[in-house]
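run09.tsv follows (TSV, C-alpha atoms (C1' of nucleotides)):
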```
chain	number	residue	atom	x	y	z
Q	1	MET	CA	165.13	-164.98	-12.10
Q	2	LYS	CA	162.38	-162.65	-11.13
Q	3	PRO	CA	160.09	-161.09	-13.72
Q	4	VAL	CA	160.31	-157.37	-14.47
Q	5	ILE	CA	158.22	-154.69	-16.07
Q	6	ILE	CA	160.20	-152.57	-18.51
Q	7	ILE	CA	159.31	-149.19	-19.97
Q	8	GLN	CA	161.42	-147.84	-22.81
Q	9	GLY	CA	161.18	-145.07	-25.36
Q	10	PRO	CA	163.10	-142.20	-26.91
Q	11	THR	CA	164.06	-139.21	-24.82
Q	12	ALA	CA	161.23	-136.84	-23.89
Q	13	VAL	CA	158.31	-139.15	-24.74
Q	14	GLY	CA	157.13	-139.33	-21.16
Q	15	LYS	CA	158.46	-142.69	-19.97
Q	16	SER	CA	159.20	-141.47	-16.47
Q	17	SER	CA	155.77	-140.10	-15.77
Q	18	LEU	CA	154.14	-143.29	-17.00
Q	19	ALA	CA	156.46	-145.36	-14.83
Q	20	LEU	CA	155.70	-143.13	-11.87
Q	21	GLU	CA	151.99	-143.53	-12.37
Q	22	ILE	CA	152.16	-147.30	-12.66
Q	23	ALA	CA	154.53	-147.57	-9.71
Q	24	GLN	CA	152.17	-145.63	-7.49
Q	25	LYS	CA	149.11	-147.53	-8.59
Q	26	PHE	CA	150.67	-150.95	-8.02
Q	27	LYS	CA	153.04	-149.96	-5.21
Q	28	LEU	CA	156.19	-150.80	-7.15
Q	29	GLU	CA	159.70	-149.38	-7.22
Q	30	ILE	CA	161.60	-148.07	-10.20
Q	31	ILE	CA	165.06	-148.98	-11.43
Q	32	SER	CA	166.41	-146.28	-13.70
Q	33	ALA	CA	168.15	-147.54	-16.84
Q	34	ASP	CA	169.80	-144.29	-17.75
Q	35	SER	CA	173.50	-143.77	-18.32
Q	36	ARG	CA	173.38	-140.17	-17.08
Q	37	GLN	CA	170.95	-140.25	-14.19
Q	38	VAL	CA	173.51	-142.34	-12.33
Q	39	TYR	CA	175.43	-139.11	-11.74
Q	40	LYS	CA	175.09	-137.04	-8.62
Q	41	TYR	CA	174.75	-133.26	-9.04
Q	42	MET	CA	173.48	-133.62	-12.60
Q	43	ASP	CA	169.72	-133.25	-12.25
Q	44	LEU	CA	168.25	-130.83	-14.74
Q	45	ALA	CA	169.48	-131.88	-18.17
Q	46	THR	CA	169.35	-135.57	-17.30
Q	47	ALA	CA	165.63	-135.09	-16.66
Q	48	LYS	CA	166.12	-136.87	-13.38
Q	49	PRO	CA	162.98	-137.51	-11.33
Q	50	THR	CA	162.53	-134.67	-8.86
Q	51	LYS	CA	162.92	-134.99	-5.09
Q	52	LYS	CA	159.15	-134.97	-4.82
Q	53	GLU	CA	158.78	-137.77	-7.34
Q	54	GLN	CA	161.50	-139.76	-5.61
Q	55	ASP	CA	159.61	-139.35	-2.34
Q	56	LEU	CA	156.48	-140.75	-3.95
Q	57	VAL	CA	158.23	-143.74	-5.47
Q	58	LYS	CA	161.56	-145.29	-4.54
Q	59	HIS	CA	164.05	-144.98	-7.43
Q	60	HIS	CA	167.19	-147.09	-7.80
Q	61	LEU	CA	170.46	-146.56	-9.70
Q	62	ILE	CA	170.09	-142.80	-9.56
Q	63	ASP	CA	172.79	-140.62	-7.94
Q	64	ILE	CA	175.16	-143.50	-7.39
Q	65	ILE	CA	178.44	-142.03	-8.67
Q	66	THR	CA	180.15	-138.65	-9.08
Q	67	PRO	CA	180.67	-137.06	-12.52
Q	68	ASP	CA	184.38	-137.90	-12.59
Q	69	GLN	CA	183.62	-141.62	-12.54
Q	70	ALA	CA	182.75	-143.79	-15.52
Q	71	TYR	CA	179.80	-146.13	-15.67
Q	72	ASN	CA	179.06	-148.84	-18.21
Q	73	ALA	CA	176.64	-151.46	-19.41
Q	74	GLY	CA	178.35	-154.27	-17.55
Q	75	ARG	CA	178.03	-152.48	-14.27
Q	76	PHE	CA	174.40	-151.73	-14.95
Q	77	ALA	CA	173.66	-155.35	-15.81
Q	78	ARG	CA	175.31	-156.47	-12.59
Q	79	GLU	CA	173.70	-153.87	-10.34
Q	80	ALA	CA	170.25	-154.20	-11.86
Q	81	SER	CA	170.39	-158.00	-11.55
Q	82	GLU	CA	171.49	-157.65	-7.96
Q	83	LEU	CA	168.53	-155.41	-7.20
Q	84	VAL	CA	166.03	-157.53	-9.05
Q	85	ASP	CA	167.09	-160.98	-7.96
Q	86	HIS	CA	168.69	-160.46	-4.58
Q	87	THR	CA	166.51	-157.96	-2.79
Q	88	GLN	CA	162.96	-157.91	-1.56
Q	89	LEU	CA	161.87	-155.90	-4.57
Q	90	GLU	CA	158.89	-157.43	-6.28
Q	91	PHE	CA	158.06	-156.71	-9.90
Q	92	PRO	CA	160.29	-153.68	-10.21
Q	93	ILE	CA	159.81	-151.37	-13.13
Q	94	ILE	CA	162.95	-150.79	-15.15
Q	95	CYS	CA	162.50	-147.50	-16.92
Q	96	GLY	CA	164.97	-145.63	-19.07
Q	97	GLY	CA	166.29	-144.64	-22.44
Q	98	THR	CA	169.60	-146.45	-22.45
Q	99	GLY	CA	168.54	-149.45	-24.50
Q	100	PHE	CA	171.96	-151.06	-24.46
Q	101	TYR	CA	171.90	-151.22	-20.66
Q	102	ILE	CA	168.57	-153.00	-20.72
Q	103	SER	CA	169.80	-155.46	-23.34
Q	104	ALA	CA	172.90	-156.09	-21.27
Q	105	PHE	CA	170.70	-156.79	-18.26
Q	106	LEU	CA	168.33	-159.09	-20.14
Q	107	GLU	CA	170.71	-160.92	-22.45
Q	108	GLY	CA	173.94	-160.67	-20.52
Q	109	LEU	CA	177.37	-159.73	-21.75
Q	110	CYS	CA	180.28	-162.06	-22.18
Q	111	LYS	CA	182.29	-162.59	-19.05
Q	112	ILE	CA	185.25	-160.28	-19.37
Q	113	PRO	CA	187.06	-159.13	-16.25
Q	114	ASP	CA	187.19	-155.41	-15.56
Q	115	ILE	CA	189.92	-153.66	-17.48
Q	116	GLU	CA	192.31	-151.49	-15.48
Q	117	ASP	CA	192.00	-147.80	-16.29
Q	118	ASN	CA	195.65	-147.41	-17.23
Q	119	VAL	CA	195.39	-149.96	-20.06
Q	120	ARG	CA	192.76	-147.95	-21.85
Q	121	GLU	CA	194.50	-144.69	-21.04
Q	122	SER	CA	197.72	-145.80	-22.69
Q	123	LEU	CA	195.82	-147.12	-25.72
Q	124	VAL	CA	194.06	-143.79	-26.11
Q	125	LYS	CA	197.46	-142.12	-25.96
Q	126	ASP	CA	198.71	-144.49	-28.67
Q	127	TRP	CA	195.65	-143.73	-30.76
Q	128	ASN	CA	196.40	-140.02	-30.58
Q	129	ASN	CA	200.06	-140.52	-31.45
Q	130	LEU	CA	199.89	-143.26	-34.05
Q	131	GLY	CA	196.53	-142.60	-35.68
Q	132	ASN	CA	193.66	-144.89	-36.49
Q	133	GLU	CA	195.33	-146.85	-39.29
Q	134	SER	CA	198.16	-148.36	-37.30
Q	135	MET	CA	195.87	-149.03	-34.34
Q	136	TYR	CA	193.43	-150.81	-36.62
Q	137	GLN	CA	196.30	-152.80	-38.11
Q	138	LEU	CA	197.31	-153.82	-34.62
Q	139	LEU	CA	193.80	-155.14	-34.02
Q	140	VAL	CA	193.86	-156.99	-37.33
Q	141	ASP	CA	197.06	-158.74	-36.19
Q	142	ILE	CA	195.81	-159.50	-32.71
Q	143	ASP	CA	192.16	-160.32	-33.26
Q	144	PRO	CA	191.16	-160.47	-36.94
Q	145	LEU	CA	187.63	-161.63	-36.13
Q	146	VAL	CA	186.90	-158.51	-34.15
Q	147	ALA	CA	188.72	-156.32	-36.66
Q	148	GLN	CA	186.47	-157.66	-39.38
Q	149	LYS	CA	183.38	-156.44	-37.57
Q	150	VAL	CA	184.75	-153.02	-36.76
Q	151	SER	CA	185.27	-149.95	-38.93
Q	152	ASP	CA	188.90	-148.82	-39.15
Q	153	LYS	CA	187.80	-145.45	-37.79
Q	154	ASP	CA	185.82	-146.74	-34.84
Q	155	LYS	CA	188.07	-145.57	-32.04
Q	156	GLN	CA	186.01	-147.02	-29.22
Q	157	ARG	CA	185.66	-150.52	-30.58
Q	158	ILE	CA	189.23	-150.78	-31.83
Q	159	ILE	CA	190.48	-149.76	-28.40
Q	160	ARG	CA	188.03	-152.14	-26.78
Q	161	GLY	CA	189.37	-155.06	-28.80
Q	162	LEU	CA	192.94	-154.15	-27.92
Q	163	GLU	CA	192.38	-153.45	-24.23
Q	164	VAL	CA	190.67	-156.78	-23.67
Q	165	PHE	CA	193.65	-158.61	-25.15
Q	166	TYR	CA	196.34	-156.57	-23.41
Q	167	SER	CA	194.59	-156.72	-20.08
Q	168	THR	CA	193.45	-160.35	-20.01
Q	169	ASN	CA	195.79	-161.95	-22.52
Q	170	LYS	CA	192.80	-163.40	-24.29
Q	171	LYS	CA	191.05	-162.28	-27.46
Q	172	LEU	CA	187.73	-160.51	-27.34
Q	173	SER	CA	186.47	-162.83	-30.06
Q	174	ASP	CA	187.29	-165.81	-27.81
Q	175	TYR	CA	185.12	-164.32	-25.07
Q	176	TRP	CA	182.36	-163.92	-27.63
Q	177	ALA	CA	182.66	-167.53	-28.68
Q	178	GLU	CA	182.45	-168.76	-25.10
Q	179	GLN	CA	179.38	-166.79	-24.24
Q	180	GLY	CA	176.45	-168.98	-23.31
Q	181	MET	CA	172.80	-168.16	-23.43
Q	182	LEU	CA	171.32	-166.49	-20.41
Q	183	GLU	CA	168.18	-167.94	-18.91
Q	184	THR	CA	165.32	-165.90	-20.31
Q	185	ARG	CA	163.63	-163.65	-17.84
Q	186	LYS	CA	159.90	-163.09	-17.85
Q	187	ILE	CA	159.30	-159.52	-18.89
Q	188	LEU	CA	156.48	-157.16	-19.71
Q	189	ASN	CA	158.28	-154.91	-22.18
Q	190	ILE	CA	156.49	-151.66	-22.97
Q	191	LEU	CA	157.59	-149.18	-25.63
Q	192	ILE	CA	156.35	-145.61	-25.86
Q	193	LEU	CA	156.71	-143.92	-29.23
Q	194	ASP	CA	155.66	-140.69	-30.89
Q	195	GLU	CA	155.75	-138.95	-34.25
Q	196	ARG	CA	159.24	-137.80	-35.11
Q	197	GLU	CA	158.15	-134.16	-35.38
Q	198	GLU	CA	156.45	-134.36	-32.02
Q	199	ILE	CA	159.50	-135.86	-30.31
Q	200	TYR	CA	161.73	-133.18	-31.76
Q	201	SER	CA	159.51	-130.33	-30.70
Q	202	ARG	CA	159.12	-131.75	-27.20
Q	203	ILE	CA	162.91	-132.04	-26.94
Q	204	ASN	CA	163.33	-128.41	-27.98
Q	205	LYS	CA	160.71	-127.15	-25.59
Q	206	ARG	CA	161.96	-129.24	-22.70
Q	207	TYR	CA	165.52	-128.01	-23.12
Q	208	ASP	CA	164.42	-124.38	-23.04
Q	209	GLU	CA	162.66	-125.15	-19.78
Q	210	MET	CA	165.76	-126.80	-18.35
Q	211	VAL	CA	167.82	-123.71	-19.15
Q	212	LYS	CA	165.15	-121.48	-17.65
Q	213	SER	CA	165.04	-123.47	-14.45
Q	214	GLY	CA	168.74	-123.05	-13.76
Q	215	LEU	CA	170.79	-125.43	-15.88
Q	216	LEU	CA	173.59	-122.87	-16.26
Q	217	ASP	CA	173.92	-122.58	-12.49
Q	218	GLU	CA	173.94	-126.35	-12.13
Q	219	ILE	CA	176.85	-126.57	-14.58
Q	220	ARG	CA	178.73	-123.69	-12.93
Q	221	GLU	CA	178.38	-125.53	-9.63
Q	222	LEU	CA	179.80	-128.71	-11.24
Q	223	LEU	CA	182.80	-126.72	-12.46
Q	224	ARG	CA	183.22	-125.18	-9.02
Q	225	MET	CA	183.33	-128.69	-7.55
Q	226	GLY	CA	186.27	-129.43	-9.83
Q	227	TYR	CA	184.64	-131.38	-12.64
Q	228	ASP	CA	185.46	-130.35	-16.19
Q	229	SER	CA	184.92	-131.26	-19.82
Q	230	GLU	CA	187.11	-134.34	-19.30
Q	231	SER	CA	184.80	-135.75	-16.62
Q	232	PRO	CA	182.81	-138.69	-17.99
Q	233	GLY	CA	179.55	-137.32	-16.63
Q	234	LEU	CA	179.93	-134.04	-18.44
Q	235	SER	CA	179.99	-135.71	-21.84
Q	236	ALA	CA	176.21	-135.77	-21.46
Q	237	VAL	CA	174.14	-134.05	-24.09
Q	238	GLY	CA	172.78	-130.82	-22.70
Q	239	TYR	CA	175.88	-130.25	-20.57
Q	240	LYS	CA	178.85	-130.41	-22.89
Q	241	GLU	CA	177.30	-127.96	-25.35
Q	242	LEU	CA	176.94	-125.22	-22.74
Q	243	LEU	CA	180.57	-125.36	-21.60
Q	244	PRO	CA	181.83	-123.15	-24.47
Q	245	PHE	CA	179.42	-120.47	-23.30
Q	246	ILE	CA	180.38	-120.74	-19.63
Q	247	ILE	CA	184.12	-121.18	-20.08
Q	248	GLN	CA	184.77	-119.36	-23.33
Q	249	ASP	CA	182.76	-116.76	-25.17
Q	250	ALA	CA	180.45	-118.78	-27.36
Q	251	LYS	CA	176.96	-117.41	-27.91
Q	252	LEU	CA	174.40	-118.93	-25.57
Q	253	LYS	CA	171.85	-119.19	-28.34
Q	254	ASP	CA	174.21	-121.27	-30.52
Q	255	CYS	CA	175.08	-123.58	-27.63
Q	256	ILE	CA	171.43	-124.16	-26.85
Q	257	GLU	CA	170.66	-124.94	-30.48
Q	258	LEU	CA	173.51	-127.45	-30.57
Q	259	ALA	CA	172.32	-129.14	-27.40
Q	260	LYS	CA	168.84	-129.51	-28.84
Q	261	GLN	CA	170.26	-130.86	-32.08
Q	262	HIS	CA	172.32	-133.50	-30.27
Q	263	SER	CA	169.27	-134.52	-28.27
Q	264	ARG	CA	167.35	-134.98	-31.50
Q	265	ASN	CA	170.20	-137.07	-32.96
Q	266	TYR	CA	170.12	-139.16	-29.81
Q	267	ALA	CA	166.37	-139.72	-30.03
Q	268	LYS	CA	166.79	-140.90	-33.60
Q	269	ARG	CA	169.46	-143.41	-32.60
Q	270	GLN	CA	167.20	-144.69	-29.86
Q	271	LEU	CA	164.38	-145.23	-32.32
Q	272	THR	CA	166.69	-147.26	-34.57
Q	273	TRP	CA	167.79	-149.33	-31.59
Q	274	TYR	CA	164.23	-150.21	-30.59
Q	275	LYS	CA	163.57	-151.75	-33.99
Q	276	ARG	CA	165.74	-154.70	-33.01
Q	277	ASN	CA	163.77	-155.49	-29.86
Q	278	TYR	CA	160.49	-157.22	-29.18
Q	279	PHE	CA	157.88	-155.39	-27.14
Q	280	ASN	CA	154.71	-156.76	-25.56
Q	281	LEU	CA	152.99	-153.41	-25.72
Q	282	VAL	CA	153.65	-150.43	-27.97
Q	283	PHE	CA	151.86	-147.12	-27.53
Q	284	PHE	CA	152.00	-143.75	-29.14
Q	285	ARG	CA	152.34	-141.05	-26.52
Q	286	LYS	CA	149.03	-139.44	-27.33
Q	287	SER	CA	147.06	-142.65	-27.25
Q	288	ILE	CA	148.39	-144.50	-24.25
Q	289	ASN	CA	145.64	-146.81	-23.10
Q	290	TYR	CA	145.91	-146.97	-19.34
Q	291	ASN	CA	143.21	-149.61	-19.03
Q	292	THR	CA	145.12	-151.93	-21.30
Q	293	ILE	CA	148.32	-151.32	-19.38
Q	294	ASP	CA	146.57	-151.96	-16.07
Q	295	THR	CA	145.11	-155.18	-17.37
Q	296	TYR	CA	148.45	-156.40	-18.64
Q	297	ILE	CA	150.25	-155.50	-15.44
Q	298	LYS	CA	147.61	-157.14	-13.25
Q	299	HIS	CA	147.77	-160.26	-15.36
Q	300	PHE	CA	151.57	-160.19	-15.33
Q	301	ILE	CA	151.78	-159.79	-11.57
Q	302	GLU	CA	149.16	-162.39	-10.81
Q	303	ASN	CA	150.70	-165.02	-13.03
Q	304	TYR	CA	154.25	-164.89	-11.76
W	305	G	C1'	179.19	-90.45	-49.59
W	306	G	C1'	184.51	-92.93	-50.31
W	307	C	C1'	187.25	-97.66	-50.32
W	308	G	C1'	187.36	-102.83	-49.83
W	309	G	C1'	185.28	-107.89	-48.76
W	310	G	C1'	181.25	-111.25	-49.79
W	311	A	C1'	176.94	-113.50	-52.70
W	312	U	C1'	177.88	-121.57	-54.49
W	313	A	C1'	173.29	-127.71	-51.24
W	314	G	C1'	168.61	-126.32	-45.41
W	315	C	C1'	173.27	-123.88	-42.55
W	316	U	C1'	178.85	-122.68	-42.48
W	317	C	C1'	181.98	-122.49	-46.30
W	318	A	C1'	185.99	-124.93	-50.39
W	319	G	C1'	186.44	-124.47	-55.47
W	320	U	C1'	193.77	-124.49	-57.87
W	321	U	C1'	196.28	-121.40	-64.37
W	322	G	C1'	188.28	-120.84	-67.62
W	323	G	C1'	186.34	-127.48	-69.20
W	324	U	C1'	178.46	-127.17	-66.38
W	325	A	C1'	180.63	-128.25	-58.74
W	326	G	C1'	182.37	-130.47	-53.25
W	327	A	C1'	183.45	-130.77	-47.65
W	328	G	C1'	181.60	-130.35	-42.61
W	329	C	C1'	177.08	-129.92	-40.07
W	330	A	C1'	171.82	-130.70	-40.53
W	331	G	C1'	168.09	-134.14	-42.68
W	332	A	C1'	167.03	-139.41	-43.98
W	333	G	C1'	168.24	-144.66	-43.36
W	334	G	C1'	171.27	-148.20	-40.77
W	335	C	C1'	174.93	-150.59	-37.28
W	336	C	C1'	175.84	-151.58	-32.19
W	337	U	C1'	178.61	-157.69	-26.92
W	338	G	C1'	181.40	-153.01	-20.52
W	339	A	C1'	182.49	-145.09	-23.24
W	340	A	C1'	175.81	-146.26	-25.65
W	341	A	C1'	173.36	-139.05	-23.92
W	342	A	C1'	179.15	-142.80	-26.74
W	343	G	C1'	181.22	-144.58	-31.30
W	344	C	C1'	180.58	-145.87	-36.39
W	345	C	C1'	178.47	-146.79	-41.67
W	346	U	C1'	175.45	-145.26	-46.09
W	347	U	C1'	173.11	-141.11	-48.55
W	348	G	C1'	174.69	-134.61	-52.09
W	349	U	C1'	171.03	-132.25	-59.51
W	350	G	C1'	172.05	-127.19	-56.44
W	351	U	C1'	168.29	-120.67	-61.13
W	352	C	C1'	176.93	-121.44	-58.51
W	353	C	C1'	172.58	-113.35	-56.98
W	354	C	C1'	170.69	-111.01	-61.86
W	355	C	C1'	171.63	-109.03	-67.00
W	356	A	C1'	174.85	-108.42	-70.94
W	357	G	C1'	179.81	-109.40	-73.10
W	358	U	C1'	184.62	-112.25	-74.32
W	359	U	C1'	185.32	-117.56	-75.47
W	360	C	C1'	184.49	-123.79	-78.70
W	361	A	C1'	183.59	-123.57	-73.25
W	362	A	C1'	182.39	-118.91	-67.46
W	363	G	C1'	181.04	-120.51	-60.48
W	364	U	C1'	185.88	-119.04	-62.45
W	365	C	C1'	187.49	-113.32	-67.01
W	366	U	C1'	185.09	-108.08	-68.43
W	367	G	C1'	181.11	-104.34	-67.88
W	368	G	C1'	176.54	-102.96	-65.54
W	369	G	C1'	172.96	-103.81	-61.70
W	370	U	C1'	170.86	-105.84	-56.90
W	371	C	C1'	171.65	-107.33	-51.98
W	372	U	C1'	174.98	-107.88	-47.87
W	373	U	C1'	179.11	-106.84	-44.67
W	374	G	C1'	183.61	-104.24	-42.81
W	375	C	C1'	186.67	-99.82	-42.59
W	376	C	C1'	187.00	-94.47	-43.42
W	377	A	C1'	184.16	-90.14	-43.44
```

In structure tokens, how does this file's structure come out?
Amino acid sequence: MKPVIIIQGPTAVGKSSLALEIAQKFKLEIISADSRQVYKYMDLATAKPTKKEQDLVKHHLIDIITPDQAYNAGRFAREASELVDHTQLEFPIICGGTGFYISAFLEGLCKIPDIEDNVRESLVKDWNNLGNESMYQLLVDIDPLVAQKVSDKDKQRIIRGLEVFYSTNKKLSDYWAEQGMLETRKILNILILDEREEIYSRINKRYDEMVKSGLLDEIRELLRMGYDSESPGLSAVGYKELLPFIIQDAKLKDCIELAKQHSRNYAKRQLTWYKRNYFNLVFFRKSINYNTIDTYIKHFIENY
RNA sequence: GGCGGGAUAGCUCAGUUGGUAGAGCAGAGGCCUGAAAAGCCUUGUGUCCCCAGUUCAAGUCUGGGUCUUGCCA
């Protein structure tokens, strides 16, 4: 297992630019750990690195699927491991805000085969017809251990528990029990933080800039290509909120406010997530010490 | 000017026949084993616009005022 440098932080703290700087200085490549930058044609509101930036530094796991396709943590873990361990890449920087993807990559997920789309689809249909109570009861009957850990209103996890059983004929809790420890990878894990107020105001400002630089046209183009509110990619914050303005007659100002609000909610969830992880280096945005980072990276690279 | 709606938590609003208030969203905190920019959990003392009156008791009824909004002129 090759060592990796990881840069994480809530949305809009400036992870990408730090990663870009480090990558250039040490001639490294970047693997994006971002559940929305994987989508082609969605550039602006995903804050995807620009063409120029991608010319300066090679980025991976960006623009790999179309908005009608779904992506998930398992696929990320697999594809990131493939890149890190089975290519010529040396000391790649994994940079992104999807903390669960990075955990999946580092710690591994239990080995569950891919679930066919139609299994989940029919369960979602059942959920809509029967309601959460009977679906939860079904999970209690099938896999009480999982049911115990899940709220009776948690649609995603109830369906997950059921789809694993129906698709593989084996309980999700059995997969959990079988899961072994993954070999620990050497990492230099860096976290960038900021004051809550500061993060929120940067989110607000950045979204206004995205709209100004043509976000509405980008979304109209996506619709023209045949993607719609049902497309997995378009569930992204910053996109879904503008659809009521483009398709119906919602006020643009209200849609923009909602998009900003959801981004702030997202940033808050990210901050909670990071509390569970260990980081080698933690910096506040305004006081990033580049000398310290350089020293750590040099040391890290030289010792592995 | 005439007629009618409104005025209740930061915002949008519920409040049944009078018994001193409650939802959603926001905010705050948390959870997270293939949807994670997702999903879920916990958390609600606020001059119920103001002043009088009726009543044991008024957000709720009566009168007056203030502000707001719609329709007609």

Closest contacts (chain Q/chain W, max 9 Å, only C-alpha atoms (C1' of nucleotides)) as a Markdown table:
```
| residue | atom | partner | partner_atom | distance |
| --- | --- | --- | --- | --- |
| Q:Asp34 | CA | W:A341 | C1' | 8.8 |
| Q:Ser35 | CA | W:A341 | C1' | 7.3 |
| Q:Arg36 | CA | W:A341 | C1' | 6.9 |
| Q:Thr46 | CA | W:A341 | C1' | 8.5 |
| Q:Ala70 | CA | W:A339 | C1' | 7.8 |
| Q:Tyr71 | CA | W:A339 | C1' | 8.1 |
| Q:Asn72 | CA | W:G338 | C1' | 5.3 |
| Q:Ala73 | CA | W:G338 | C1' | 5.1 |
| Q:Gly74 | CA | W:G338 | C1' | 4.4 |
| Q:Arg75 | CA | W:G338 | C1' | 7.1 |
| Q:Thr98 | CA | W:A340 | C1' | 7.0 |
| Q:Gly99 | CA | W:A340 | C1' | 8.0 |
| Q:Phe100 | CA | W:A340 | C1' | 6.3 |
| Q:Tyr101 | CA | W:A340 | C1' | 8.0 |
| Q:Ala104 | CA | W:U337 | C1' | 8.2 |
| Q:Gly108 | CA | W:U337 | C1' | 8.5 |
| Q:Leu109 | CA | W:U337 | C1' | 5.7 |
| Q:Cys110 | CA | W:U337 | C1' | 6.7 |
| Q:Ile112 | CA | W:G338 | C1' | 8.3 |
| Q:Asp114 | CA | W:G338 | C1' | 8.0 |
| Q:Val150 | CA | W:C344 | C1' | 8.3 |
| Q:Ser151 | CA | W:C344 | C1' | 6.7 |
| Q:Lys153 | CA | W:C344 | C1' | 7.4 |
| Q:Asp154 | CA | W:C344 | C1' | 5.5 |
| Q:Lys155 | CA | W:G343 | C1' | 7.0 |
| Q:Gln156 | CA | W:G343 | C1' | 5.8 |
| Q:Arg157 | CA | W:G343 | C1' | 7.5 |
| Q:Trp176 | CA | W:U337 | C1' | 7.3 |
| Q:Pro232 | CA | W:A339 | C1' | 8.3 |
| Q:Ser235 | CA | W:A341 | C1' | 7.7 |
| Q:Ala236 | CA | W:A341 | C1' | 5.0 |
| Q:Val237 | CA | W:A341 | C1' | 5.1 |
| Q:Gly238 | CA | W:A341 | C1' | 8.3 |
| Q:Gln261 | CA | W:A330 | C1' | 8.6 |
| Q:His262 | CA | W:A341 | C1' | 8.5 |
| Q:Ser263 | CA | W:A341 | C1' | 7.5 |
| Q:Tyr266 | CA | W:A341 | C1' | 6.7 |
| Q:Thr272 | CA | W:G334 | C1' | 7.8 |
| Q:Trp273 | CA | W:C336 | C1' | 8.4 |
```

Extract, using all atoms listed in the file, all DNA, RNA and protein residues at most 12 Å from W:C376, discarding same-chain residues fewer than 3 positions from it, and format them as a list in words. G305, G306, C307 and G308 of chain W

Provide the atom CA of Q:Thr50 to atom CA of Q:Leu18 distance in Å, to one decimal place. 14.5 Å

Find the residues near stretch 243-246 of chain Q: any atom within 8 Å, counting all atoms listed in the file, skip ones fewer than 2 places away on the same chain, and give them as a PDB file with C-alpha atoms, in the coordinates of the input.
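Resulting contents of selection.pdb:
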```pdb
ATOM      1  CA  LEU Q 216     173.590-122.870 -16.260  1.00  0.00           C
ATOM      2  CA  ARG Q 220     178.730-123.690 -12.930  1.00  0.00           C
ATOM      3  CA  SER Q 229     184.920-131.260 -19.820  1.00  0.00           C
ATOM      4  CA  TYR Q 239     175.880-130.250 -20.570  1.00  0.00           C
ATOM      5  CA  LYS Q 240     178.850-130.410 -22.890  1.00  0.00           C
ATOM      6  CA  GLU Q 241     177.300-127.960 -25.350  1.00  0.00           C
ATOM      7  CA  GLN Q 248     184.770-119.360 -23.330  1.00  0.00           C
ATOM      8  CA  ASP Q 249     182.760-116.760 -25.170  1.00  0.00           C
ATOM      9  CA  ALA Q 250     180.450-118.780 -27.360  1.00  0.00           C
ATOM     10  CA  LYS Q 251     176.960-117.410 -27.910  1.00  0.00           C
ATOM     11  CA  LEU Q 252     174.400-118.930 -25.570  1.00  0.00           C
ATOM     12  CA  CYS Q 255     175.080-123.580 -27.630  1.00  0.00           C
TER      13      CYS Q 255
END
```

Interatomic distance (Å, one decimal) between atom C1' of W:G368 and atom C1' of W:U320: 28.6 Å

Which residues of stretch 15-39 of chain Q come within 10 Å of stretch 293-302 of chain Q, and for each one, what is the closest pair of atoms and their distance in Å to one decimal, counting only C-alpha atoms, sorted by chain and residue number, as a Markdown table?
```
| residue | atom | partner | partner_atom | distance |
| --- | --- | --- | --- | --- |
| Q:Ile22 | CA | Q:Asp294 | CA | 8.0 |
| Q:Lys25 | CA | Q:Asp294 | CA | 9.1 |
| Q:Phe26 | CA | Q:Lys298 | CA | 8.7 |
```

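The residue that comes closest to W:C365, out of W:G348, W:G309, W:G322, W:G314 and on the basis of only C-alpha atoms (C1' of nucleotides), is W:G322.
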